[in-house]
Amino acid sequence: MKDTSDRHRQAFDAVVQAPSVEAAVAHLRDVYAVDHVTFHLANTIIGLIDSPFVRSTYPPEWWARYLLKGYVEVDPVVAAGLTHQLPFFWSDLDVAGNALVLMADAEAHGLGRNGYSIPVVDKDMRRSLLSLNSCWSTSEWKRYIGIHAGELAEIAHAMHKKALRESGYESKVHFTPREIECLHWAAQGKDAGAIAMILMISEHTVRGYLKTIRYKLDCATVTQAVAKAISMRLITP
Amino acid sequence: MFTAIQAPEYSKYNTVLDEMFRLRKKTFYAQLKWNVSVQGDYERDRYDELNPVYLIWCNQDATVLYASTRLMPTTGPTLLYDTFRDTFPDAANLSAPGIWEGTRLCVHNENLARDHPDVSPLRAIGLLSVALAECAYAHGIDTIVTNYEPYLKRIYASAGLAVEEIGRADGYGRYPVCCGVFEVSETVIAQMRAKLGLTGPVFGRHDQTSDQRAA
């Protein structure tokens, strides 16, 4: 597990601090230098998008056309995104029938042919999908995503929480004693290796706890998580 | 072949998935006597309704199953979280992007002995574990949380996988059930391949199961 890169922290902070999901997708596009970013929030686990929550950097003309033509019904990325668990490259999807029409139309409107989508599911089985779009070649794109896949998964989940808040859901966080212990030692300035020695568990497992804590507190770094935990009085410095 | 089957492909892999649910009943219900939910000839629980990923080792036509396991993201509902959160909260609560749960790992001994007499059931577990690590790594996953019976830890270790036990519970089967966590990284995958004598990836490839050192 690599330490969080600067780009990741910048993107994560931009997403968390952005005034809206709409602003967040634009930030994400800029930080990762991709062509477009789209975020879908679905309330149901399978298939149907009842009242879609979608925010995208796609040009408004394309978006209007997408809705008008009912492309959401045939979009293979949306279909896969709501049923897959693992993230996927658009180039690995089976595209047939009406979806081919959609893909050709998208390219005609200047959208890149490559993409990568990250499905998100939470404990309440709410699902969402973060998609990045690029005109790079498939091999360049796969290499680029390969480097950032772990970070992008974290960002997709931060986006999910942001969209839920924007839709009026508030989630509660609960910490286990071991997580509080890790937070306590992190607040004393100990890194994962030092905490592992103190708690007599492996460094990788400590990193797992620290990542869980960061996820719960919506933070890109452990330092930020410690500050937030102190301000929430989860720990005392 | 070692392949990851997701919901849209369930029907295409119907035959091996059917065999997997039967094998799970035989393994976890009949042999290990775990307290699992059985539906007819199947061991199938509510997590199987949530579109999990099944990592499968099967023949090229996808008609004969050799080994299987189930993979789910820990940010969503998971077996370990729901079942074990009171028993070992530290383990069950590991829940973040990039941390996934692997459960119900089992091997079809008869099919294996018939089609791959050179591969022992223990080696099959090792091979499936490498495939699991490779599949996870390719999808940005860095940690797997899993449950297993105590003796499996040695089998994992012999496949180069250092599973750290972070909880253990009695009363689920004849033996305690452990909850463990392991790292997925290039280093770990290289270690596992070296231990098993593999020269390349197994996941997504056609059969590459033998120990290349023996050749």
# chains A, B, ... in the order shown; residues from 1 in each chain; ligands from 1

call {"tool": "select_by_dssp", "arguments": {"residues": "stretch 17-182 of chain B", "states": "helix (DSSP H, G or I)", "output": "PyMOL selection string"}}
result
chain B and resi 17-31+46-49+79-84+89-92+109-115+121-138+152-158

call {"tool": "closest_atom_pairs", "arguments": {"of": "chain B", "to": "chain A", "cutoff": "8 Å", "atoms": "only C-alpha atoms", "output": "CSV"}}
result
residue,atom,partner,partner_atom,distance
B:Gln6,CA,A:His84,CA,5.9
B:Ala7,CA,A:Thr83,CA,5.8
B:Pro8,CA,A:Thr83,CA,6.7
B:Asn51,CA,A:Thr83,CA,6.7
B:Pro52,CA,A:Gln85,CA,6.8
B:Val53,CA,A:Gln85,CA,6.8
B:Met72,CA,A:Gln85,CA,7.3
B:Pro73,CA,A:Gln85,CA,7.3
B:Thr75,CA,A:Asp122,CA,5.1
B:Gly76,CA,A:Asp122,CA,4.2
B:Pro77,CA,A:Lys123,CA,4.8
B:Pro89,CA,A:Thr176,CA,6.6
B:Asp90,CA,A:Arg178,CA,6.1
B:Asn93,CA,A:Thr176,CA,7.6
B:Leu94,CA,A:Thr212,CA,5.9
B:Ser95,CA,A:Thr212,CA,5.4
B:Ala96,CA,A:Thr212,CA,5.0
B:Pro97,CA,A:Glu154,CA,5.5
B:Gly98,CA,A:Gly150,CA,6.3
B:Ile99,CA,A:Gly208,CA,7.6
B:Ala138,CA,A:Gly146,CA,7.5
B:His139,CA,A:Pro87,CA,6.3
B:Gly140,CA,A:Gly150,CA,4.5
B:Ile141,CA,A:Gly150,CA,6.6
B:Asp142,CA,A:Met1,CA,6.4
B:Thr143,CA,A:Gly208,CA,7.3
B:Glu164,CA,A:Ser202,CA,7.4
B:Val181,CA,A:Thr205,CA,7.0
B:Phe182,CA,A:Thr205,CA,7.7
B:Glu183,CA,A:His204,CA,6.5
B:Ser185,CA,A:Met1,CA,7.2

call {"tool": "select_by_dssp", "arguments": {"residues": "stretch 5-237 of chain A", "states": "strand (DSSP E or B)", "output": "ChimeraX atom specification"}}
result
/A:36-42,53-56,88-89,114-121,127-134

call {"tool": "write_last_selection", "arguments": {"atoms": "C-alpha atoms", "output": "PDB file, in the first residue's frame"}}
result
ATOM      1  CA  HIS A  36     -14.755  14.065 -18.624  1.00  0.00           C
ATOM      2  CA  VAL A  37     -16.027  12.876 -15.276  1.00  0.00           C
ATOM      3  CA  THR A  38     -19.562  11.629 -14.611  1.00  0.00           C
ATOM      4  CA  PHE A  39     -21.139  10.583 -11.356  1.00  0.00           C
ATOM      5  CA  HIS A  40     -24.393   8.588 -11.101  1.00  0.00           C
ATOM      6  CA  LEU A  41     -26.146   7.893  -7.810  1.00  0.00           C
ATOM      7  CA  ALA A  42     -28.780   5.150  -7.880  1.00  0.00           C
ATOM      8  CA  PHE A  53     -28.868  11.865  -9.636  1.00  0.00           C
ATOM      9  CA  VAL A  54     -26.295  12.496 -12.338  1.00  0.00           C
ATOM     10  CA  ARG A  55     -23.553  15.124 -12.437  1.00  0.00           C
ATOM     11  CA  SER A  56     -21.212  15.327 -15.382  1.00  0.00           C
ATOM     12  CA  PHE A  88     -14.020  -1.815 -15.271  1.00  0.00           C
ATOM     13  CA  PHE A  89     -12.605  -0.375 -18.465  1.00  0.00           C
ATOM     14  CA  ASN A 114     -11.973   5.151 -23.529  1.00  0.00           C
ATOM     15  CA  GLY A 115     -13.322   5.152 -20.049  1.00  0.00           C
ATOM     16  CA  TYR A 116     -13.017   3.648 -16.598  1.00  0.00           C
ATOM     17  CA  SER A 117     -15.887   3.259 -14.161  1.00  0.00           C
ATOM     18  CA  ILE A 118     -15.887   2.508 -10.459  1.00  0.00           C
ATOM     19  CA  PRO A 119     -19.035   1.028  -8.901  1.00  0.00           C
ATOM     20  CA  VAL A 120     -19.693   2.002  -5.276  1.00  0.00           C
ATOM     21  CA  VAL A 121     -21.963   0.247  -2.816  1.00  0.00           C
ATOM     22  CA  ARG A 127     -25.101   2.272  -5.334  1.00  0.00           C
ATOM     23  CA  SER A 128     -23.312   4.819  -7.406  1.00  0.00           C
ATOM     24  CA  LEU A 129     -20.908   4.925 -10.299  1.00  0.00           C
ATOM     25  CA  LEU A 130     -17.986   7.242 -10.967  1.00  0.00           C
ATOM     26  CA  SER A 131     -16.840   7.291 -14.596  1.00  0.00           C
ATOM     27  CA  LEU A 132     -13.805   8.883 -16.185  1.00  0.00           C
ATOM     28  CA  ASN A 133     -13.658   9.443 -19.905  1.00  0.00           C
ATOM     29  CA  SER A 134     -10.616   9.971 -22.110  1.00  0.00           C
TER      30      SER A 134
END

call {"tool": "residues_around", "arguments": {"residues": "A:Arg7", "least_positions_apart": "3", "cutoff": "8 Å", "atoms": "only C-alpha atoms", "output": "VMD selection string"}}
result
chain A and resid 10 to 11 31 to 32

call {"tool": "residues_around", "arguments": {"residues": "A:Trp185", "least_positions_apart": "4", "cutoff": "12 Å", "atoms": "only C-alpha atoms", "output": "ChimeraX atom specification"}}
result
/A:178-181,189-199,206,210,222-223,226,235-237

call {"tool": "write_last_selection", "arguments": {"atoms": "N, CA and C atoms", "output": "CSV table (one decimal), in the first residue's frame"}}
result
chain,number,residue,atom,x,y,z
A,178,ARG,N,-10.3,-0.7,18.7
A,178,ARG,CA,-9.0,-0.8,18.0
A,178,ARG,C,-8.8,0.4,17.1
A,179,GLU,N,-9.8,0.9,16.5
A,179,GLU,CA,-9.7,2.1,15.6
A,179,GLU,C,-9.3,3.3,16.5
A,180,ILE,N,-10.0,3.4,17.7
A,180,ILE,CA,-9.7,4.5,18.6
A,180,ILE,C,-8.2,4.5,19.0
A,181,GLU,N,-7.8,3.2,19.3
A,181,GLU,CA,-6.4,3.0,19.7
A,181,GLU,C,-5.4,3.6,18.6
A,189,GLY,N,1.7,11.1,16.9
A,189,GLY,CA,2.8,11.3,15.9
A,189,GLY,C,3.4,9.9,15.4
A,190,LYS,N,2.8,8.8,15.9
A,190,LYS,CA,3.3,7.5,15.4
A,190,LYS,C,2.8,7.2,14.0
A,191,ASP,N,3.7,6.6,13.2
A,191,ASP,CA,3.3,6.2,11.9
A,191,ASP,C,2.8,4.7,12.0
A,192,ALA,N,2.4,4.2,10.8
A,192,ALA,CA,1.8,2.8,10.8
A,192,ALA,C,2.8,1.8,11.4
A,193,GLY,N,4.1,1.9,11.0
A,193,GLY,CA,5.1,1.0,11.5
A,193,GLY,C,5.2,1.0,13.0
A,194,ALA,N,5.2,2.2,13.6
A,194,ALA,CA,5.3,2.4,15.1
A,194,ALA,C,4.1,1.9,15.8
A,195,ILE,N,2.9,2.2,15.2
A,195,ILE,CA,1.7,1.7,15.8
A,195,ILE,C,1.6,0.2,15.8
A,196,ALA,N,2.1,-0.4,14.7
A,196,ALA,CA,2.1,-1.9,14.6
A,196,ALA,C,2.9,-2.5,15.7
A,197,MET,N,4.1,-1.9,16.0
A,197,MET,CA,4.9,-2.4,17.1
A,197,MET,C,4.2,-2.3,18.4
A,198,ILE,N,3.6,-1.2,18.6
A,198,ILE,CA,2.9,-1.0,19.9
A,198,ILE,C,1.7,-2.0,20.1
A,199,LEU,N,0.9,-2.1,19.0
A,199,LEU,CA,-0.2,-3.0,19.1
A,199,LEU,C,0.1,-4.4,18.8
A,206,VAL,N,-2.5,-2.4,10.4
A,206,VAL,CA,-2.6,-1.1,10.9
A,206,VAL,C,-3.1,-0.1,9.8
A,210,LEU,N,-6.3,2.3,9.5
A,210,LEU,CA,-6.1,3.7,9.3
A,210,LEU,C,-6.9,4.1,8.0
A,222,VAL,N,-4.1,10.6,7.1
A,222,VAL,CA,-4.3,10.3,8.5
A,222,VAL,C,-4.2,11.5,9.3
A,223,THR,N,-3.3,12.5,8.9
A,223,THR,CA,-3.2,13.7,9.7
A,223,THR,C,-4.6,14.5,9.7
A,226,VAL,N,-6.9,12.6,12.0
A,226,VAL,CA,-6.6,12.9,13.5
A,226,VAL,C,-7.2,14.2,13.9
A,235,ILE,N,-11.1,11.5,20.2
A,235,ILE,CA,-9.9,11.3,21.0
A,235,ILE,C,-9.5,12.6,21.6
A,236,THR,N,-8.7,12.6,22.6
A,236,THR,CA,-8.2,13.9,23.1
A,236,THR,C,-6.7,13.9,22.9
A,237,PRO,N,-6.2,15.0,22.5
A,237,PRO,CA,-4.8,15.1,22.1
A,237,PRO,C,-3.9,15.0,23.3

call {"tool": "atom_distance", "arguments": {"atom1": "atom CA of A:Met103", "atom2": "atom CA of A:Val74"}}
result
10.1 Å

call {"tool": "residues_around", "arguments": {"residues": "B:Lys33", "least_positions_apart": "6", "cutoff": "9 Å", "atoms": "only C-alpha atoms", "output": "list in words"}}
result
Thr27, Tyr172, Gly173 and Arg174 of chain B

call {"tool": "write_last_selection", "arguments": {"atoms": "N, CA and C atoms", "output": "CSV table (one decimal), in the first residue's frame"}}
result
chain,number,residue,atom,x,y,z
B,27,THR,N,-19.1,-28.8,1.2
B,27,THR,CA,-17.9,-28.4,2.0
B,27,THR,C,-18.3,-27.8,3.3
B,172,TYR,N,-19.4,-21.8,15.4
B,172,TYR,CA,-19.9,-21.7,14.0
B,172,TYR,C,-19.8,-23.1,13.3
B,173,GLY,N,-18.8,-23.9,13.8
B,173,GLY,CA,-18.6,-25.2,13.2
B,173,GLY,C,-17.9,-26.1,14.2
B,174,ARG,N,-17.3,-27.2,13.7
B,174,ARG,CA,-16.6,-28.1,14.6
B,174,ARG,C,-15.3,-27.4,15.2

call {"tool": "residues_around", "arguments": {"residues": "stretch 187-195 of chain B", "least_positions_apart": "2", "cutoff": "6 Å", "atoms": "only C-alpha atoms", "output": "ChimeraX atom specification"}}
result
/B:159-160,185,197-198

call {"tool": "atom_distance", "arguments": {"atom1": "atom CA of A:Trp141", "atom2": "atom CA of A:Lys69"}}
result
28.5 Å
